[in-house]
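Undergrad: Sharing a structure below in structure tokens format, with a few things to ask.
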Amino acid sequence: MRKIASFNRRTWAIALAALMTGPALCLSAAAQSWPTKPVKIVVNFPPGGAADQIARAIGVPLGEALGQPVVVENRGGANGNLGGDMVAKSPADGYTLLMSSGGMVSVNPHIYARMPFDPAKDLVPVASAARVLVFLVAKPNFPANNIQEFLAHVKANPGRLSYGSAGNGSSPHLAGEMMKSQAGLFAVHVPYRGAAPALQDVLAGQLDFYFDPGIGLGQVRAGKLKLLAVGSMKRSPLFPNVPTLDEAGLKGFDADSVFGFYAPAGTPADVVNRVNREINKILGTQALKDRIQNLGGEALPLTPAEFGARAADDSKRFGAIIRERKIVGD
């Protein structure tokens, strides 16, 4: 295994530029006829999570636009590394794409000393899909009804409360660490292999709280979870009366992440740009905007270069809290 290179804007800028020259131009004619067979989207987290739901929502209209079936396959594990590795080592022909949270490229290189692939070199950004917020939720019988009561209760019970996440280094985990750092709290982190299993244990009362990436909002509406705050710099339009953690006194708190699609390095530029155009069209439809908003996020159409730049910025932001809290991968 190779030591992972430091991820930055320049790395992907070079990679994206390389797509426009050399071998990519030789493949241009072939790319014009793409696709001639089904396209596979690998989701690097288990079924039921935000990445899975967004991939499936986009997959159907994408297949219609491409004229070929789009098949979604879940390959979870190692905070997205297993699915990422599978796609990174797939043929660079456009028939295998990756749908991932931003953590695989902006977090994992910071928490794993070694990875089986290098996200900055072995993958190229294709299209962003959504800016995903995280919502601080607590079990139904949690003895607090607002964020100030919650923070006071956790502070008064150091080490006695537990919170779940989609895995070490996932955005819910980092949000929890950011909150503990800024508020001076101590609670026990319990990592899961995906957000959906963590949500089930909060609902069952086995966990006290967790930062939900939107999949539990239906349970909030049903009164089965307490929604206490939003881990973003702005309130969610779905819950305009729920404050942000920034408003609650944790200044600058921002745990948003961007979910999107990647392809193996060397994928022809024509194919990358075609997929980007089609996905951006889909994200512009009201049906997809509504679907993503129901998850608590917002559709975020970007160019491949803009998507790569956003990932680089997130890498700096999350890298700081990872170093401070000494977070390591499983």
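The way I read the labels, and the way they are meant: chains A, B, ... in the order of the structure tokens, residue 1 as the first residue of every chain, and ligand 1 as the first ligand shown, with later ones counted on from there.
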What residues in range 97-270 of chain A get the DSSP label strand (DSSP E)? Please answer as a count of residues only.
TA: 45
Undergrad: List every residue of range 214-260 of chain A that has an atom at most 10 Å from any atom of range 297-317 of chain A, and for each one report the closest atom pair and its distance in Å to one decimal, counting only C-alpha atoms, with rows sorted by chain and then by increasing residue number, as JSON lines.
TA:
```
{"residue": "A:Gly214", "atom": "CA", "partner": "A:Gly297", "partner_atom": "CA", "distance": 7.3}
{"residue": "A:Ser236", "atom": "CA", "partner": "A:Gly297", "partner_atom": "CA", "distance": 8.1}
{"residue": "A:Pro237", "atom": "CA", "partner": "A:Gly297", "partner_atom": "CA", "distance": 9.5}
{"residue": "A:Leu238", "atom": "CA", "partner": "A:Gly297", "partner_atom": "CA", "distance": 9.5}
{"residue": "A:Asp254", "atom": "CA", "partner": "A:Arg317", "partner_atom": "CA", "distance": 9.1}
{"residue": "A:Ala255", "atom": "CA", "partner": "A:Arg317", "partner_atom": "CA", "distance": 9.2}
{"residue": "A:Asp256", "atom": "CA", "partner": "A:Asp314", "partner_atom": "CA", "distance": 9.0}
{"residue": "A:Ser257", "atom": "CA", "partner": "A:Asp314", "partner_atom": "CA", "distance": 7.5}
{"residue": "A:Val258", "atom": "CA", "partner": "A:Ala311", "partner_atom": "CA", "distance": 7.6}
{"residue": "A:Phe259", "atom": "CA", "partner": "A:Leu300", "partner_atom": "CA", "distance": 9.0}
{"residue": "A:Gly260", "atom": "CA", "partner": "A:Phe307", "partner_atom": "CA", "distance": 8.2}
```
Undergrad: Fewer than 3 positions away in the same chain doesn't count, so skip those; otherwise give me all residues within 7 Å of range 138-153 of chain A, counting only C-alpha atoms, as a list in words.
TA: Ala156, Asn157, Val202, Leu203, Gly205, Asp208, Phe209, Tyr210, Lys224, Leu225, Lys226, Leu227, Leu228 and Ala229 of chain A
Undergrad: Can you tell me, as a ChimeraX atom specification, what residues are no more than 12 Å from Thr96 in chain A when counting only C-alpha atoms, ignoring any on the same chain fewer than 3 positions away?
TA: /A:35,37-43,70-73,83-93,99,123,126,261-265,267,271-272,275
Undergrad: Mind writing the picked residues with C-alpha atoms as a PDB file, in the first residue's frame?
TA:
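Final output, again22.pdb:
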```
ATOM      1  CA  PRO A  35     -22.675   4.502 -23.139  1.00  0.00           C
ATOM      2  CA  LYS A  37     -24.106  -0.821 -21.864  1.00  0.00           C
ATOM      3  CA  PRO A  38     -25.390  -0.332 -18.300  1.00  0.00           C
ATOM      4  CA  VAL A  39     -23.570   2.091 -15.990  1.00  0.00           C
ATOM      5  CA  LYS A  40     -22.879   1.117 -12.387  1.00  0.00           C
ATOM      6  CA  ILE A  41     -22.897   3.545  -9.468  1.00  0.00           C
ATOM      7  CA  VAL A  42     -21.048   2.217  -6.426  1.00  0.00           C
ATOM      8  CA  VAL A  43     -22.249   3.741  -3.148  1.00  0.00           C
ATOM      9  CA  VAL A  70     -28.007   2.727 -14.210  1.00  0.00           C
ATOM     10  CA  VAL A  71     -27.466   0.137 -11.497  1.00  0.00           C
ATOM     11  CA  VAL A  72     -26.694   1.109  -7.892  1.00  0.00           C
ATOM     12  CA  GLU A  73     -24.472  -1.208  -5.844  1.00  0.00           C
ATOM     13  CA  GLY A  83     -16.160   1.255  -2.280  1.00  0.00           C
ATOM     14  CA  GLY A  84     -13.692   3.966  -3.219  1.00  0.00           C
ATOM     15  CA  ASP A  85     -10.953   1.408  -3.779  1.00  0.00           C
ATOM     16  CA  MET A  86     -13.245  -0.694  -5.950  1.00  0.00           C
ATOM     17  CA  VAL A  87     -14.004   2.234  -8.242  1.00  0.00           C
ATOM     18  CA  ALA A  88     -10.439   3.557  -8.259  1.00  0.00           C
ATOM     19  CA  LYS A  89      -9.258   0.190  -9.591  1.00  0.00           C
ATOM     20  CA  SER A  90     -12.055  -0.194 -12.154  1.00  0.00           C
ATOM     21  CA  PRO A  91     -11.518   0.421 -15.884  1.00  0.00           C
ATOM     22  CA  ALA A  92     -11.479   4.141 -16.683  1.00  0.00           C
ATOM     23  CA  ASP A  93     -14.221   3.820 -19.282  1.00  0.00           C
ATOM     24  CA  MET A  99     -21.206   8.080  -5.152  1.00  0.00           C
ATOM     25  CA  LEU A 123     -10.164   9.327  -8.752  1.00  0.00           C
ATOM     26  CA  VAL A 126     -17.376  14.223 -11.851  1.00  0.00           C
ATOM     27  CA  PHE A 261     -19.851  11.421  -7.972  1.00  0.00           C
ATOM     28  CA  TYR A 262     -16.321  10.375  -8.873  1.00  0.00           C
ATOM     29  CA  ALA A 263     -14.749   8.263 -11.631  1.00  0.00           C
ATOM     30  CA  PRO A 264     -11.468   6.365 -12.014  1.00  0.00           C
ATOM     31  CA  ALA A 265      -8.562   8.598 -13.010  1.00  0.00           C
ATOM     32  CA  THR A 267     -11.808   8.473 -17.555  1.00  0.00           C
ATOM     33  CA  VAL A 271     -17.572  11.133 -20.514  1.00  0.00           C
ATOM     34  CA  VAL A 272     -16.901  13.131 -17.335  1.00  0.00           C
ATOM     35  CA  VAL A 275     -22.236  12.845 -16.832  1.00  0.00           C
TER      36      VAL A 275
END
```
Undergrad: Rank A:Gly102, A:Pro116, A:Gly48, A:Pro125 by their smallest atom-to-atom distance to Asn273 in chain A, using only C-alpha atoms, and report the top residue only.
TA: A:Pro125
Undergrad: List as a list in words the protein and nucleic acid residues near Gly176 in chain A, meaning an atom at most 10 Å away when only C-alpha atoms are counted, but skip any in the same chain fewer than 4 places from it.
TA: Leu136, Tyr163, Gly164, Ser165, Ser170, Ser171, Pro172, Lys180, Ser181, Leu185, Ala187, Val188, His189, Phe209, Tyr210, Phe211, Gly231 and Ala255 of chain A
Undergrad: Only N, CA and C atoms, please: the residues just picked out, written as a PDB file, in the first residue's frame.
TA:
```
ATOM      1  N   LEU A 136     -28.556  17.775  14.957  1.00  0.00           N
ATOM      2  CA  LEU A 136     -28.359  17.200  16.287  1.00  0.00           C
ATOM      3  C   LEU A 136     -29.698  16.702  16.813  1.00  0.00           C
ATOM      4  N   TYR A 163     -23.007   8.807  21.923  1.00  0.00           N
ATOM      5  CA  TYR A 163     -23.559   9.260  20.642  1.00  0.00           C
ATOM      6  C   TYR A 163     -22.983   8.398  19.528  1.00  0.00           C
ATOM      7  N   GLY A 164     -23.777   8.214  18.474  1.00  0.00           N
ATOM      8  CA  GLY A 164     -23.359   7.359  17.370  1.00  0.00           C
ATOM      9  C   GLY A 164     -22.951   8.160  16.151  1.00  0.00           C
ATOM     10  N   SER A 165     -22.380   7.437  15.197  1.00  0.00           N
ATOM     11  CA  SER A 165     -22.007   8.060  13.921  1.00  0.00           C
ATOM     12  C   SER A 165     -21.972   6.992  12.850  1.00  0.00           C
ATOM     13  N   SER A 170     -16.510  10.007   9.849  1.00  0.00           N
ATOM     14  CA  SER A 170     -17.694  10.412   9.086  1.00  0.00           C
ATOM     15  C   SER A 170     -18.121  11.813   9.534  1.00  0.00           C
ATOM     16  N   SER A 171     -18.935  12.477   8.711  1.00  0.00           N
ATOM     17  CA  SER A 171     -19.350  13.837   9.076  1.00  0.00           C
ATOM     18  C   SER A 171     -20.121  13.866  10.400  1.00  0.00           C
ATOM     19  N   PRO A 172     -20.986  12.875  10.724  1.00  0.00           N
ATOM     20  CA  PRO A 172     -21.608  12.900  12.055  1.00  0.00           C
ATOM     21  C   PRO A 172     -20.597  12.766  13.188  1.00  0.00           C
ATOM     22  N   LYS A 180     -17.961  18.741  21.004  1.00  0.00           N
ATOM     23  CA  LYS A 180     -17.290  18.462  22.279  1.00  0.00           C
ATOM     24  C   LYS A 180     -16.121  19.414  22.497  1.00  0.00           C
ATOM     25  N   SER A 181     -15.374  19.682  21.428  1.00  0.00           N
ATOM     26  CA  SER A 181     -14.222  20.571  21.544  1.00  0.00           C
ATOM     27  C   SER A 181     -14.644  21.990  21.900  1.00  0.00           C
ATOM     28  N   LEU A 185     -17.205  19.397  26.230  1.00  0.00           N
ATOM     29  CA  LEU A 185     -18.012  18.261  26.651  1.00  0.00           C
ATOM     30  C   LEU A 185     -17.225  16.963  26.559  1.00  0.00           C
ATOM     31  N   ALA A 187     -18.387  12.949  25.901  1.00  0.00           N
ATOM     32  CA  ALA A 187     -19.391  11.903  25.674  1.00  0.00           C
ATOM     33  C   ALA A 187     -18.713  10.798  24.878  1.00  0.00           C
ATOM     34  N   VAL A 188     -19.236   9.600  24.992  1.00  0.00           N
ATOM     35  CA  VAL A 188     -18.611   8.430  24.380  1.00  0.00           C
ATOM     36  C   VAL A 188     -19.086   8.264  22.939  1.00  0.00           C
ATOM     37  N   HIS A 189     -18.135   8.180  22.019  1.00  0.00           N
ATOM     38  CA  HIS A 189     -18.462   7.981  20.614  1.00  0.00           C
ATOM     39  C   HIS A 189     -18.593   6.495  20.304  1.00  0.00           C
ATOM     40  N   PHE A 209     -27.718  10.457  21.688  1.00  0.00           N
ATOM     41  CA  PHE A 209     -27.890  11.453  20.629  1.00  0.00           C
ATOM     42  C   PHE A 209     -26.981  11.125  19.462  1.00  0.00           C
ATOM     43  N   TYR A 210     -27.197  11.817  18.347  1.00  0.00           N
ATOM     44  CA  TYR A 210     -26.243  11.739  17.242  1.00  0.00           C
ATOM     45  C   TYR A 210     -26.544  12.843  16.253  1.00  0.00           C
ATOM     46  N   PHE A 211     -25.574  13.108  15.383  1.00  0.00           N
ATOM     47  CA  PHE A 211     -25.750  14.101  14.329  1.00  0.00           C
ATOM     48  C   PHE A 211     -26.258  13.371  13.088  1.00  0.00           C
ATOM     49  N   GLY A 231     -26.243  21.643  12.612  1.00  0.00           N
ATOM     50  CA  GLY A 231     -24.789  21.806  12.594  1.00  0.00           C
ATOM     51  C   GLY A 231     -24.292  22.538  11.381  1.00  0.00           C
ATOM     52  N   ALA A 255     -20.498  21.800  10.014  1.00  0.00           N
ATOM     53  CA  ALA A 255     -20.163  20.403   9.734  1.00  0.00           C
ATOM     54  C   ALA A 255     -20.791  19.918   8.431  1.00  0.00           C
TER      55      ALA A 255
END
```
Undergrad: DSSP on the backbone: what in range 111-251 of chain A comes out alpha helix (DSSP H), as number ranges by chain?
TA: A: 111, 119-122, 147-156, 171-183, 195-203, 217-221
Undergrad: May I ask for the distance between CA of Leu288 in chain A and CA of Pro61 in chain A, given in Å to one decimal place?
TA: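 Rounded to one decimal, the two atoms are 9.7 Å apart.
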